[in-house]
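Undergrad: Have a peek at input-v8.cif (mmCIF, C-alpha atoms).
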data_start
#
loop_
_atom_site.label_atom_id
_atom_site.label_comp_id
_atom_site.auth_asym_id
_atom_site.auth_seq_id
_atom_site.Cartn_x
_atom_site.Cartn_y
_atom_site.Cartn_z
CA MET M 69 118.84 -44.15 26.47
CA ARG M 70 118.83 -40.90 24.52
CA ILE M 71 120.97 -40.75 21.37
CA LEU M 72 121.84 -37.83 19.09
CA HIS M 73 122.51 -38.88 15.48
CA THR M 74 124.69 -36.53 13.42
CA SER M 75 127.11 -36.93 10.50
CA ASP M 76 129.05 -35.26 7.68
CA TRP M 77 130.66 -32.45 9.60
CA HIS M 78 133.28 -32.02 6.83
CA ILE M 79 135.62 -30.01 9.03
CA GLY M 80 137.91 -27.98 6.78
CA ARG M 81 135.62 -27.78 3.76
CA THR M 82 135.42 -24.50 1.87
CA PHE M 83 132.36 -22.94 0.30
CA HIS M 84 133.25 -21.51 -3.12
CA GLY M 85 136.68 -20.59 -1.78
CA ASN M 86 135.39 -19.27 1.56
CA ALA M 87 136.48 -20.90 4.83
CA THR M 88 133.68 -22.49 6.87
CA LEU M 89 135.59 -23.39 10.03
CA ASP M 90 134.23 -20.57 12.20
CA ALA M 91 130.65 -21.07 10.99
CA LEU M 92 130.84 -24.81 11.63
CA ARG M 93 132.31 -24.26 15.08
CA GLY M 94 129.32 -22.09 15.98
CA VAL M 95 126.87 -24.72 14.73
CA LEU M 96 128.62 -27.54 16.61
CA ASP M 97 128.66 -25.40 19.74
CA ALA M 98 124.87 -25.20 19.36
CA LEU M 99 124.75 -29.00 18.94
CA THR M 100 126.79 -29.36 22.15
CA ALA M 101 124.30 -27.12 23.95
CA GLN M 102 121.47 -29.37 22.71
CA VAL M 103 123.29 -32.40 24.14
CA ARG M 104 123.25 -30.75 27.53
CA GLU M 105 119.71 -29.36 27.23
CA HIS M 106 118.11 -32.66 26.16
CA GLY M 107 120.10 -34.93 28.44
CA VAL M 108 121.69 -36.89 25.57
CA ASP M 109 123.54 -40.03 26.66
CA VAL M 110 125.33 -40.92 23.41
CA VAL M 111 126.24 -38.87 20.32
CA VAL M 112 126.69 -40.96 17.16
CA ILE M 113 128.73 -39.34 14.36
CA ALA M 114 128.28 -41.38 11.17
CA GLY M 115 131.36 -40.51 9.15
CA ASP M 116 132.96 -37.70 7.11
CA VAL M 117 134.18 -35.92 10.19
CA PHE M 118 136.86 -34.20 8.09
CA ASP M 119 136.52 -33.07 4.50
CA SER M 120 140.00 -34.20 3.55
CA ALA M 121 142.28 -37.13 4.20
CA THR M 122 144.94 -34.56 5.13
CA PRO M 123 143.16 -31.92 7.24
CA ALA M 124 144.99 -28.85 8.49
CA ALA M 125 146.12 -28.63 12.11
CA ALA M 126 143.27 -26.24 12.93
CA CYS M 127 140.77 -28.94 11.90
CA TYR M 128 142.22 -31.43 14.39
CA SER M 129 142.14 -28.80 17.12
CA MET M 130 138.51 -28.01 16.39
CA LEU M 131 137.45 -31.67 16.41
CA THR M 132 139.22 -32.25 19.71
CA ASP M 133 137.56 -29.19 21.25
CA VAL M 134 134.08 -30.23 20.06
CA LEU M 135 134.43 -33.85 21.21
CA ARG M 136 135.65 -32.73 24.62
CA GLY M 137 132.77 -30.25 24.82
CA ILE M 138 130.21 -32.96 24.04
CA SER M 139 131.84 -35.23 26.62
CA ALA M 140 131.76 -32.47 29.22
CA ALA M 141 128.05 -31.99 28.43
CA GLY M 142 127.46 -35.51 29.71
CA ALA M 143 127.39 -37.71 26.58
CA GLN M 144 129.55 -40.53 25.34
CA ILE M 145 130.54 -40.47 21.66
CA VAL M 146 130.67 -43.15 18.99
CA LEU M 147 132.41 -41.84 15.87
CA THR M 148 133.05 -43.66 12.59
CA SER M 149 135.03 -42.67 9.50
CA GLY M 150 133.57 -41.78 6.09
CA ASN M 151 134.89 -41.75 2.54
CA HIS M 152 136.41 -38.28 3.01
CA ASP M 153 138.29 -39.27 6.15
CA ASN M 154 141.65 -40.96 6.38
CA ALA M 155 140.62 -43.84 8.64
CA ALA M 156 144.15 -44.50 9.92
CA ARG M 157 144.77 -40.86 10.86
CA LEU M 158 141.37 -40.46 12.44
CA GLY M 159 141.82 -43.72 14.34
CA PHE M 160 145.20 -42.56 15.62
CA MET M 161 143.36 -40.01 17.77
CA ALA M 162 141.40 -42.65 19.68
CA PRO M 163 143.93 -43.45 22.43
CA LEU M 164 144.59 -39.74 22.96
CA LEU M 165 140.99 -38.87 23.80
CA ARG M 166 139.29 -39.15 27.16
CA ASP M 167 137.23 -42.15 28.22
CA GLY M 168 133.76 -42.27 26.69
CA ILE M 169 134.92 -41.12 23.22
CA HIS M 170 134.94 -44.17 20.95
CA VAL M 171 136.53 -43.80 17.49
CA VAL M 172 135.72 -46.72 15.16
CA THR M 173 137.78 -46.64 11.95
CA ASP M 174 139.18 -50.17 11.54
CA ALA M 175 137.13 -52.47 9.30
CA ALA M 176 138.55 -55.42 11.25
CA SER M 177 136.53 -54.28 14.26
CA VAL M 178 133.17 -54.59 12.45
CA GLY M 179 130.94 -56.89 14.48
CA THR M 180 132.58 -55.94 17.77
CA PRO M 181 130.37 -53.37 19.50
CA VAL M 182 130.95 -50.47 21.82
CA THR M 183 128.65 -51.34 24.72
CA ILE M 184 127.06 -48.61 26.82
CA ASP M 185 124.63 -49.33 29.64
CA ASP M 186 121.46 -47.52 30.66
CA ALA M 187 118.82 -48.26 33.28
CA HIS M 188 117.46 -51.15 31.19
CA GLY M 189 120.80 -52.81 30.50
CA PRO M 190 123.36 -52.75 27.69
CA VAL M 191 123.00 -51.11 24.26
CA HIS M 192 125.50 -52.31 21.65
CA PHE M 193 126.79 -49.72 19.16
CA TYR M 194 128.22 -51.22 15.96
CA GLY M 195 130.35 -48.80 13.98
CA ILE M 196 130.80 -49.59 10.28
CA PRO M 197 133.50 -47.28 8.89
CA TYR M 198 133.37 -46.49 5.19
CA LEU M 199 134.22 -49.77 3.43
CA GLU M 200 136.19 -49.35 0.21
CA PRO M 201 135.55 -52.66 -1.60
CA ILE M 202 139.09 -52.96 -2.94
CA MET M 203 140.50 -52.37 0.55
CA VAL M 204 138.40 -54.95 2.41
CA ARG M 205 138.83 -57.81 -0.04
CA GLY M 206 142.05 -58.78 1.70
CA LEU M 207 140.36 -58.58 5.10
CA TRP M 208 137.45 -60.79 4.02
CA PRO M 209 138.95 -62.80 1.11
CA ASP M 210 136.21 -65.42 1.02
CA ALA M 211 133.36 -62.88 0.76
CA GLY M 212 133.92 -62.07 -2.93
CA ILE M 213 133.45 -58.36 -2.35
CA ARG M 214 133.44 -56.15 -5.45
CA THR M 215 130.79 -53.55 -4.64
CA GLN M 216 129.71 -51.29 -1.82
CA GLU M 217 126.50 -53.29 -1.46
CA GLN M 218 128.46 -56.51 -0.97
CA ALA M 219 130.80 -54.88 1.55
CA ILE M 220 127.91 -53.55 3.66
CA ALA M 221 126.03 -56.85 3.37
CA HIS M 222 129.04 -58.75 4.70
CA ALA M 223 129.59 -56.22 7.48
CA MET M 224 125.94 -56.42 8.52
CA GLY M 225 126.22 -60.21 8.52
CA LEU M 226 128.97 -59.90 11.11
CA VAL M 227 126.92 -57.40 13.08
CA ASN M 228 123.78 -59.51 13.04
CA ALA M 229 125.68 -62.65 14.06
CA ASP M 230 127.02 -60.82 17.11
CA ARG M 231 123.59 -59.32 17.82
CA ALA M 232 121.98 -62.74 17.75
CA ALA M 233 124.49 -64.08 20.24
CA ARG M 234 123.93 -61.17 22.63
CA GLY M 235 120.16 -60.74 22.17
CA GLU M 236 120.11 -57.15 23.37
CA ARG M 237 119.37 -53.68 22.00
CA SER M 238 121.62 -52.37 19.25
CA VAL M 239 122.46 -49.35 17.12
CA VAL M 240 124.43 -49.32 13.85
CA ALA M 241 126.35 -46.35 12.41
CA SER M 242 127.28 -46.66 8.72
CA HIS M 243 128.54 -44.33 5.99
CA CYS M 244 127.14 -45.32 2.61
CA PHE M 245 124.66 -44.45 -0.16
CA ALA M 246 121.42 -46.27 0.65
CA ALA M 247 118.64 -46.89 -1.86
CA GLY M 248 115.66 -44.57 -1.71
CA VAL M 249 117.49 -41.27 -1.19
CA GLU M 250 118.66 -38.63 -3.66
CA ALA M 251 122.13 -37.12 -3.44
CA SER M 252 122.51 -33.33 -3.48
CA PRO M 253 124.05 -32.23 -6.81
CA GLY M 254 127.62 -31.10 -6.41
CA VAL M 255 127.92 -32.25 -2.79
CA GLU M 256 128.28 -35.99 -2.19
CA ARG M 257 131.21 -37.16 -4.24
CA GLU M 258 130.71 -40.46 -6.00
CA ILE M 259 131.79 -43.55 -4.09
CA ARG M 260 134.27 -45.43 -6.30
CA THR M 261 133.25 -43.80 -9.57
CA ASP M 262 135.32 -46.34 -11.49
CA LEU M 263 133.13 -49.14 -10.12
CA ARG M 264 129.81 -47.33 -10.27
CA GLN M 265 127.63 -48.92 -12.94
CA GLY M 266 123.88 -48.97 -12.48
CA SER M 267 123.38 -49.63 -8.75
CA LEU M 268 126.77 -51.13 -7.83
CA ASP M 269 127.30 -48.63 -5.01
CA VAL M 270 123.69 -48.42 -3.79
CA VAL M 271 122.97 -50.34 -0.62
CA PRO M 272 119.40 -51.67 -0.23
CA ILE M 273 117.59 -50.63 2.93
CA SER M 274 116.91 -54.29 3.69
CA ALA M 275 120.62 -54.68 4.44
CA PHE M 276 119.98 -52.81 7.69
CA ASP M 277 117.18 -55.00 9.01
CA GLY M 278 117.63 -56.08 12.61
CA PRO M 279 119.13 -53.27 14.74
CA ASP M 280 116.87 -51.00 16.76
CA TYR M 281 118.25 -47.92 15.01
CA VAL M 282 120.59 -47.29 12.04
CA ALA M 283 122.40 -43.94 11.89
CA LEU M 284 123.52 -43.28 8.32
CA GLY M 285 125.97 -40.75 6.93
CA HIS M 286 127.06 -39.60 3.44
CA ILE M 287 123.90 -37.85 2.19
CA HIS M 288 123.84 -34.18 3.22
CA GLY M 289 120.08 -33.79 3.51
CA ARG M 290 118.04 -35.37 6.28
CA SER M 291 116.10 -38.41 5.14
CA ARG M 292 113.87 -41.05 6.70
CA LEU M 293 114.23 -44.35 4.84
CA GLY M 294 112.33 -46.25 7.50
CA GLU M 295 111.33 -45.60 11.07
CA HIS M 296 114.65 -47.03 12.25
CA VAL M 297 116.88 -46.08 9.26
CA ARG M 298 117.70 -42.39 8.77
CA TYR M 299 120.20 -39.87 7.45
CA SER M 300 120.78 -36.83 9.63
CA GLY M 301 122.47 -34.81 6.87
CA ALA M 302 125.27 -32.29 7.37
CA PRO M 303 125.07 -29.61 10.07
CA LEU M 304 126.10 -26.87 7.61
CA HIS M 305 125.08 -26.04 4.03
CA TYR M 306 127.92 -26.83 1.65
CA SER M 307 126.21 -26.26 -1.72
CA PHE M 308 123.55 -24.01 -3.22
CA SER M 309 121.68 -27.21 -4.12
CA GLU M 310 121.07 -27.59 -0.35
CA ALA M 311 119.46 -24.18 0.07
CA GLY M 312 116.27 -24.43 2.09
CA LYS M 313 117.04 -27.90 3.42
CA PRO M 314 116.90 -27.96 7.23
CA ARG M 315 120.07 -28.52 9.23
CA GLY M 316 119.97 -30.54 12.41
CA SER M 317 120.18 -34.00 13.92
CA TRP M 318 117.91 -36.84 15.04
CA LEU M 319 117.12 -37.26 18.73
CA VAL M 320 116.55 -40.99 19.25
CA ASP M 321 115.05 -42.56 22.39
CA LEU M 322 115.43 -46.23 23.22
CA ASP M 323 113.35 -47.83 25.96
CA ALA M 324 113.57 -51.32 27.39
CA GLY M 325 112.00 -52.81 24.26
CA GLY M 326 114.04 -50.93 21.64
CA LEU M 327 113.21 -47.87 19.54
CA ALA M 328 110.68 -45.66 21.34
CA GLN M 329 110.62 -42.39 19.39
CA VAL M 330 112.63 -40.16 17.07
CA ALA M 331 112.45 -36.36 16.92
CA TRP M 332 114.22 -33.73 14.80
CA LEU M 333 116.37 -31.06 16.43
CA GLU M 334 117.00 -27.97 14.31
CA LEU M 335 120.44 -26.38 14.19
CA PRO M 336 121.03 -22.69 13.39
CA VAL M 337 121.96 -21.65 9.84
CA PRO M 338 124.79 -19.09 10.10
CA ARG M 339 124.11 -17.60 6.68
CA PRO M 340 121.20 -18.49 4.36
CA LEU M 341 121.75 -19.48 0.74
CA VAL M 342 119.83 -18.04 -2.19
CA THR M 343 119.98 -18.30 -5.97
CA LEU M 344 118.99 -15.10 -7.78
CA ARG M 345 118.18 -15.07 -11.48
CA GLY M 346 117.99 -12.18 -13.91
CA THR M 347 120.07 -9.76 -15.93
CA LEU M 348 122.96 -8.10 -14.16
CA GLU M 349 121.08 -4.79 -14.14
CA GLU M 350 118.01 -6.46 -12.62
CA LEU M 351 120.02 -8.06 -9.85
CA LEU M 352 121.76 -4.78 -9.08
CA SER M 353 118.64 -2.64 -9.05
CA ASP M 354 115.57 -4.72 -8.09
CA PRO M 355 114.54 -3.65 -4.55
CA ALA M 356 113.06 -7.13 -3.95
CA HIS M 357 116.61 -8.45 -3.55
CA GLU M 358 117.39 -6.25 -0.55
CA ALA M 359 116.29 -9.11 1.72
CA HIS M 360 119.25 -11.16 0.46
CA ALA M 361 121.98 -8.59 1.09
CA ASP M 362 123.56 -10.72 3.83
CA ALA M 363 123.00 -14.16 2.25
CA TRP M 364 125.33 -16.39 0.30
CA VAL M 365 124.29 -15.58 -3.27
CA CYS M 366 124.51 -17.63 -6.46
CA ALA M 367 123.80 -15.20 -9.31
CA VAL M 368 122.40 -16.71 -12.50
CA LEU M 369 122.88 -14.04 -15.18
CA THR M 370 120.48 -14.14 -18.11
CA ASP M 371 122.11 -11.34 -20.13
CA ALA M 372 122.36 -12.31 -23.79
CA THR M 373 126.04 -11.31 -23.76
CA PRO M 374 128.78 -11.32 -21.09
CA GLN M 375 128.77 -8.26 -18.85
CA PRO M 376 131.87 -6.37 -17.68
CA ASP M 377 133.25 -7.15 -14.21
CA PRO M 378 130.05 -8.81 -12.92
CA MET M 379 131.46 -10.29 -9.67
CA ARG M 380 132.87 -7.00 -8.42
CA ARG M 381 129.63 -5.19 -9.21
CA LEU M 382 127.47 -7.88 -7.60
CA GLN M 383 129.58 -7.96 -4.45
CA GLN M 384 129.01 -4.24 -4.01
CA ARG M 385 125.35 -5.09 -3.39
CA PHE M 386 125.75 -8.68 -2.15
CA PRO M 387 129.02 -8.88 -0.19
CA HIS M 388 128.67 -12.67 0.04
CA CYS M 389 128.03 -13.36 -3.64
CA ALA M 390 129.94 -16.62 -3.97
CA THR M 391 129.47 -17.71 -7.56
CA ILE M 392 128.08 -16.65 -10.94
CA GLN M 393 126.40 -18.88 -13.50
CA LEU M 394 125.65 -17.79 -17.05
CA ASP M 395 122.33 -18.70 -18.67
CA PRO M 396 121.95 -16.30 -21.62
CA GLN M 397 118.40 -15.63 -22.78
CA ASN M 398 116.93 -13.91 -25.87
CA ARG M 399 120.01 -14.27 -28.03
CA ALA M 400 119.61 -13.17 -31.64
CA ASP M 401 118.82 -15.96 -34.09
CA ASP M 402 121.75 -17.25 -36.10
CA ASP M 403 121.26 -16.38 -39.78
CA GLY M 404 123.72 -19.04 -40.90
CA LEU M 405 126.15 -16.57 -42.49
CA SER M 406 129.85 -16.66 -41.72
CA TYR M 407 131.62 -13.62 -40.32
CA ARG M 408 133.40 -13.17 -43.67
CA ALA M 409 130.10 -13.19 -45.54
CA ARG M 410 128.70 -10.54 -43.21
CA VAL M 411 131.77 -8.33 -43.67
CA VAL M 412 131.53 -8.60 -47.44
CA ALA M 413 127.82 -7.72 -47.30
CA ALA M 414 128.39 -4.58 -45.18
CA ARG M 415 127.51 -1.45 -47.19
CA SER M 416 128.91 1.21 -44.88
CA ASP M 417 131.33 1.74 -42.03
CA SER M 418 128.49 1.68 -39.50
CA GLU M 419 127.25 -1.66 -40.87
CA LEU M 420 130.81 -3.03 -40.78
CA ILE M 421 131.25 -2.07 -37.12
CA ASP M 422 127.81 -3.44 -36.26
CA THR M 423 128.79 -6.71 -37.97
CA PHE M 424 131.91 -6.90 -35.81
CA LEU M 425 129.96 -6.21 -32.60
CA THR M 426 127.36 -8.81 -33.53
CA HIS M 427 130.12 -11.36 -34.05
CA VAL M 428 132.05 -10.77 -30.80
CA ARG M 429 128.93 -10.24 -28.66
CA GLU M 430 127.21 -13.46 -29.68
CA GLY M 431 124.45 -11.91 -31.79
CA GLU M 432 123.99 -8.58 -30.04
CA GLY M 433 124.76 -5.66 -32.34
CA ALA M 434 125.06 -2.01 -31.45
CA THR M 435 122.42 -0.55 -29.16
CA ALA M 436 120.65 2.67 -30.14
CA ASP M 437 122.99 4.75 -27.97
CA GLU M 438 126.04 2.95 -29.33
CA ALA M 439 124.83 3.39 -32.91
CA GLU M 440 124.40 7.13 -32.33
CA LEU M 441 127.88 7.41 -30.81
CA LEU M 442 129.40 5.40 -33.66
CA ALA M 443 127.69 7.60 -36.23
CA ASP M 444 129.24 10.69 -34.60
CA VAL M 445 132.71 9.10 -34.54
CA ILE M 446 132.44 7.96 -38.17
CA ALA M 447 131.25 11.42 -39.28
CA ALA M 448 134.08 13.11 -37.38
CA ARG M 449 136.61 10.72 -38.88
CA ALA M 450 135.25 11.35 -42.37
CA ALA M 451 135.46 15.11 -41.83
CA ALA M 452 139.05 14.82 -40.64
CA ASP M 453 139.91 12.74 -43.67
CA ARG M 454 138.42 15.43 -45.97
CA ASP M 455 140.41 18.16 -44.25
CA GLU M 456 143.61 16.19 -44.73
CA THR M 457 142.98 15.89 -48.48
CA VAL M 458 142.18 19.58 -49.11
CA PRO M 459 145.21 21.35 -50.70
CA ALA M 460 146.74 24.09 -48.59
#
Take the structure from the file and write it as structure tokens.

TA:
Amino acid sequence: MRILHTSDWHIGRTFHGNATLDALRGVLDALTAQVREHGVDVVVIAGDVFDSATPAAACYSMLTDVLRGISAAGAQIVLTSGNHDNAARLGFMAPLLRDGIHVVTDAASVGTPVTIDDAHGPVHFYGIPYLEPIMVRGLWPDAGIRTQEQAIAHAMGLVNADRAARGERSVVASHCFAAGVEASPGVEREIRTDLRQGSLDVVPISAFDGPDYVALGHIHGRSRLGEHVRYSGAPLHYSFSEAGKPRGSWLVDLDAGGLAQVAWLELPVPRPLVTLRGTLEELLSDPAHEAHADAWVCAVLTDATPQPDPMRRLQQRFPHCATIQLDPQNRADDDGLSYRARVVAARSDSELIDTFLTHVREGEGATADEAELLADVIAARAAADRDETVPA
């Protein structure tokens, strides 16, 4: 049996205020083409199908189109819910979809597999939807569940008990934060931040011992935690912290004895991400940045003082500049004097104006050109004042 492991589609997510629906559709169309090209039998989607518990209508339409496309390409689908999904709403779709599309969102179904046969017999797919500890305590009152680790451990106990009774090949799909992998800053939202203390929400890899393959979701970068335990990551970049990380899915082959091999299938990147660092003038003028004219750009400005209208100016060169970060460098040293003390110490109008500029521009006084212009204005004002005091 050939399985494609994907996750974290996050349909409906924006990227710094920019819609990603069309870009994601193109990437998932490429994934569908890979299903057909590689003769995939089952596509496993390990949670966070939507980015929101209340996705827009266009998001539902897109998911339906993609699932039907994958089905038409010859694969069955096993889909579970993640922490971003509304499990009840996602599960409501299940009866409306064609045969061969299995939506697993009910925690009460954990331990009951979706069974799909190949030439060597049955393969049991155990979906573990995202398990909110406070929500499953009532379902499993005797398990004493207070953490994500305990919830997954109990779920895997149910899975392994059923596996032992059947004695056949098995695959698990789970959405959680497993030990041994780093989250991407600014991407994976904390699971139950009010409960997270130390490692309360981290699930040990040993919890997934037993199945032939474990398809994990939640972390947006691909990761191999063991030969049979992997994250596929998201199919699209959703943060500048993910720049350079490959996008794709795992192609998993099972033979009669279990896991045979795993290979990585690359997906296209609709628009690359780059972080550019320098002063505003450097970013606007350096010819080395021409290569990034069509990329998503995060501009880190090192100017000692804020620059006027930086986003508009940057987008003239980089139309897809999405965000600006300020990291001022080479600021003037603070002499410890208050603004009042500096004003009192000023010995001329030019020094007084320079004191004001230094104060409002965080240590940067008048430039040479500004000082020359100010000197001309002060001299002209002084001359005008003299003319006004001369008797007619």

Undergrad: What does the distance between CA of Ala363 in chain M and CA of Asp133 in chain M come to in Å, to one decimal place?

TA: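 CA of Ala363 in chain M sits 28.3 Å away from CA of Asp133 in chain M.
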
Undergrad: Evaluating the PyMOL selection byres ((chain M and resi 324) around 9) on the displayed file yields which residues, as a compact mmCIF listing (two decimals) with C-alpha atoms, keeping the file's coordinate frame?

TA:
# COMPACT_ATOMS: atom_id res chain seq x y z
CA MET M 69 118.84 -44.15 26.47
CA ALA M 187 118.82 -48.26 33.28
CA HIS M 188 117.46 -51.15 31.19
CA GLY M 189 120.80 -52.81 30.50
CA ARG M 237 119.37 -53.68 22.00
CA LEU M 322 115.43 -46.23 23.22
CA ASP M 323 113.35 -47.83 25.96
CA GLY M 325 112.00 -52.81 24.26
CA GLY M 326 114.04 -50.93 21.64
CA LEU M 327 113.21 -47.87 19.54
CA ALA M 328 110.68 -45.66 21.34

Undergrad: Can you spell out as a PyMOL selection string the set of residues that the PyMOL selection byres ((chain M and resi 385) around 10) selects in the structure I just provided?

TA: chain M and resi 351-353+357-358+360-362+380-384+386-389

Undergrad: Pick out the closest residue to Thr82 in chain M from this set: M:Thr173, M:Ser238, M:Ser307, M:Asn151. Count all atoms listed in the file.

TA: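 Closest candidate: M:Ser307.
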
Undergrad: Any idea what's packed within 9 Å of His286 in chain M, counting all atoms listed in the file, ignoring anything in its chain fewer than 5 positions away? Could you give it as a PyMOL selection string?

TA: chain M and resi 75-76+114-116+150-151+242-245+251+256+299+301-302

Undergrad: Can you work out the spacing between CA of Leu207 in chain M and CA of Ala175 in chain M in Å, to one decimal?

TA: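 Straight-line distance from CA of Leu207 in chain M to CA of Ala175 in chain M works out to 8.1 Å.
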
Undergrad: May I ask which of the residues M:Val117, M:Ala367, M:Ala141, M:Ile184 is the closest one to Asn154 in chain M, counting only C-alpha atoms?

TA: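 That would be M:Val117, the residue with the smallest distance to Asn154 in chain M.
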
Undergrad: I'd like the neighbourhood of Gly195 in chain M as a PyMOL selection string, where a residue qualifies if any of its atoms comes within 10 Å (using all atoms listed in the file), though same-chain residues fewer than 5 positions away should be ignored.

TA: chain M and resi 112-115+146-149+170-175+177-182+223+227+239-243+283

Undergrad: Could you please take those selected residues and save C-alpha atoms as a PDB file, in the frame of the given file?

TA:
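Output (result_33.pdb):
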ATOM      1  CA  VAL M 112     126.690 -40.960  17.160  1.00  0.00           C
ATOM      2  CA  ILE M 113     128.730 -39.340  14.360  1.00  0.00           C
ATOM      3  CA  ALA M 114     128.280 -41.380  11.170  1.00  0.00           C
ATOM      4  CA  GLY M 115     131.360 -40.510   9.150  1.00  0.00           C
ATOM      5  CA  VAL M 146     130.670 -43.150  18.990  1.00  0.00           C
ATOM      6  CA  LEU M 147     132.410 -41.840  15.870  1.00  0.00           C
ATOM      7  CA  THR M 148     133.050 -43.660  12.590  1.00  0.00           C
ATOM      8  CA  SER M 149     135.030 -42.670   9.500  1.00  0.00           C
ATOM      9  CA  HIS M 170     134.940 -44.170  20.950  1.00  0.00           C
ATOM     10  CA  VAL M 171     136.530 -43.800  17.490  1.00  0.00           C
ATOM     11  CA  VAL M 172     135.720 -46.720  15.160  1.00  0.00           C
ATOM     12  CA  THR M 173     137.780 -46.640  11.950  1.00  0.00           C
ATOM     13  CA  ASP M 174     139.180 -50.170  11.540  1.00  0.00           C
ATOM     14  CA  ALA M 175     137.130 -52.470   9.300  1.00  0.00           C
ATOM     15  CA  SER M 177     136.530 -54.280  14.260  1.00  0.00           C
ATOM     16  CA  VAL M 178     133.170 -54.590  12.450  1.00  0.00           C
ATOM     17  CA  GLY M 179     130.940 -56.890  14.480  1.00  0.00           C
ATOM     18  CA  THR M 180     132.580 -55.940  17.770  1.00  0.00           C
ATOM     19  CA  PRO M 181     130.370 -53.370  19.500  1.00  0.00           C
ATOM     20  CA  VAL M 182     130.950 -50.470  21.820  1.00  0.00           C
ATOM     21  CA  ALA M 223     129.590 -56.220   7.480  1.00  0.00           C
ATOM     22  CA  VAL M 227     126.920 -57.400  13.080  1.00  0.00           C
ATOM     23  CA  VAL M 239     122.460 -49.350  17.120  1.00  0.00           C
ATOM     24  CA  VAL M 240     124.430 -49.320  13.850  1.00  0.00           C
ATOM     25  CA  ALA M 241     126.350 -46.350  12.410  1.00  0.00           C
ATOM     26  CA  SER M 242     127.280 -46.660   8.720  1.00  0.00           C
ATOM     27  CA  HIS M 243     128.540 -44.330   5.990  1.00  0.00           C
ATOM     28  CA  ALA M 283     122.400 -43.940  11.890  1.00  0.00           C
TER      29      ALA M 283
END

Undergrad: Starting from the PyMOL selection byres ((chain M and resi 217) around 7), expand the selection into actual residues of this file and give them as an mmCIF file with C-alpha atoms, keeping the file's coordinate frame.

TA:
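Dumped to result_16.cif:
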data_model
loop_
_atom_site.group_PDB
_atom_site.id
_atom_site.type_symbol
_atom_site.label_atom_id
_atom_site.label_comp_id
_atom_site.auth_asym_id
_atom_site.auth_seq_id
_atom_site.Cartn_x
_atom_site.Cartn_y
_atom_site.Cartn_z
ATOM 1 C CA THR M 215 130.790 -53.550 -4.640
ATOM 2 C CA GLN M 216 129.710 -51.290 -1.820
ATOM 3 C CA GLN M 218 128.460 -56.510 -0.970
ATOM 4 C CA ALA M 219 130.800 -54.880 1.550
ATOM 5 C CA ILE M 220 127.910 -53.550 3.660
ATOM 6 C CA ALA M 221 126.030 -56.850 3.370
ATOM 7 C CA LEU M 268 126.770 -51.130 -7.830
ATOM 8 C CA ASP M 269 127.300 -48.630 -5.010
ATOM 9 C CA VAL M 270 123.690 -48.420 -3.790
ATOM 10 C CA VAL M 271 122.970 -50.340 -0.620
#

Undergrad: Report as a list in words all protein, DNA and RNA residues lying within 8 Å of Gln144 in chain M, evaluated on only C-alpha atoms, omitting residues in the same chain fewer than 2 positions from it.

TA: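 My list of contacting residues is Asp109, Val110, Val111, Ile138, Ser139, Gly142, Val146, Gly168, Ile169 and His170 of chain M.
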
Undergrad: Between CA of Gly294 in chain M and CA of Val330 in chain M, what is the spacing in Å?

TA: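 One can read the CA of Val330 in chain M to CA of Gly294 in chain M distance as 11.3 Å.
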
Undergrad: Return the single residue from M:Ala409, M:Glu419, M:Arg292, M:Ala247 that is closest to Pro272 in chain M, with distances computed using all atoms listed in the file.

TA: M:Ala247

Undergrad: Could range 82-88 of chain M be completed with N, CA, C and O atoms and returned as a PDB file, in the frame of the given file?

TA:
ATOM      1  N   THR M  82     135.669 -25.886   2.267  1.00  0.00           N
ATOM      2  CA  THR M  82     135.420 -24.500   1.870  1.00  0.00           C
ATOM      3  C   THR M  82     134.122 -24.413   1.094  1.00  0.00           C
ATOM      4  O   THR M  82     133.633 -25.411   0.557  1.00  0.00           O
ATOM      5  N   PHE M  83     133.593 -23.193   1.038  1.00  0.00           N
ATOM      6  CA  PHE M  83     132.360 -22.940   0.300  1.00  0.00           C
ATOM      7  C   PHE M  83     132.678 -21.906  -0.772  1.00  0.00           C
ATOM      8  O   PHE M  83     132.819 -20.733  -0.477  1.00  0.00           O
ATOM      9  N   HIS M  84     132.869 -22.380  -2.008  1.00  0.00           N
ATOM     10  CA  HIS M  84     133.250 -21.510  -3.120  1.00  0.00           C
ATOM     11  C   HIS M  84     134.451 -20.632  -2.744  1.00  0.00           C
ATOM     12  O   HIS M  84     134.470 -19.423  -2.982  1.00  0.00           O
ATOM     13  N   GLY M  85     135.455 -21.283  -2.133  1.00  0.00           N
ATOM     14  CA  GLY M  85     136.680 -20.590  -1.780  1.00  0.00           C
ATOM     15  C   GLY M  85     136.650 -19.901  -0.429  1.00  0.00           C
ATOM     16  O   GLY M  85     137.674 -19.366   0.017  1.00  0.00           O
ATOM     17  N   ASN M  86     135.520 -19.921   0.256  1.00  0.00           N
ATOM     18  CA  ASN M  86     135.390 -19.270   1.560  1.00  0.00           C
ATOM     19  C   ASN M  86     135.524 -20.309   2.675  1.00  0.00           C
ATOM     20  O   ASN M  86     134.901 -21.365   2.624  1.00  0.00           O
ATOM     21  N   ALA M  87     136.306 -19.988   3.689  1.00  0.00           N
ATOM     22  CA  ALA M  87     136.480 -20.900   4.830  1.00  0.00           C
ATOM     23  C   ALA M  87     135.159 -21.040   5.588  1.00  0.00           C
ATOM     24  O   ALA M  87     134.380 -20.090   5.692  1.00  0.00           O
ATOM     25  N   THR M  88     134.918 -22.228   6.115  1.00  0.00           N
ATOM     26  CA  THR M  88     133.680 -22.490   6.870  1.00  0.00           C
ATOM     27  C   THR M  88     133.956 -22.881   8.315  1.00  0.00           C
ATOM     28  O   THR M  88     133.026 -23.195   9.060  1.00  0.00           O
TER      29      THR M  88
END
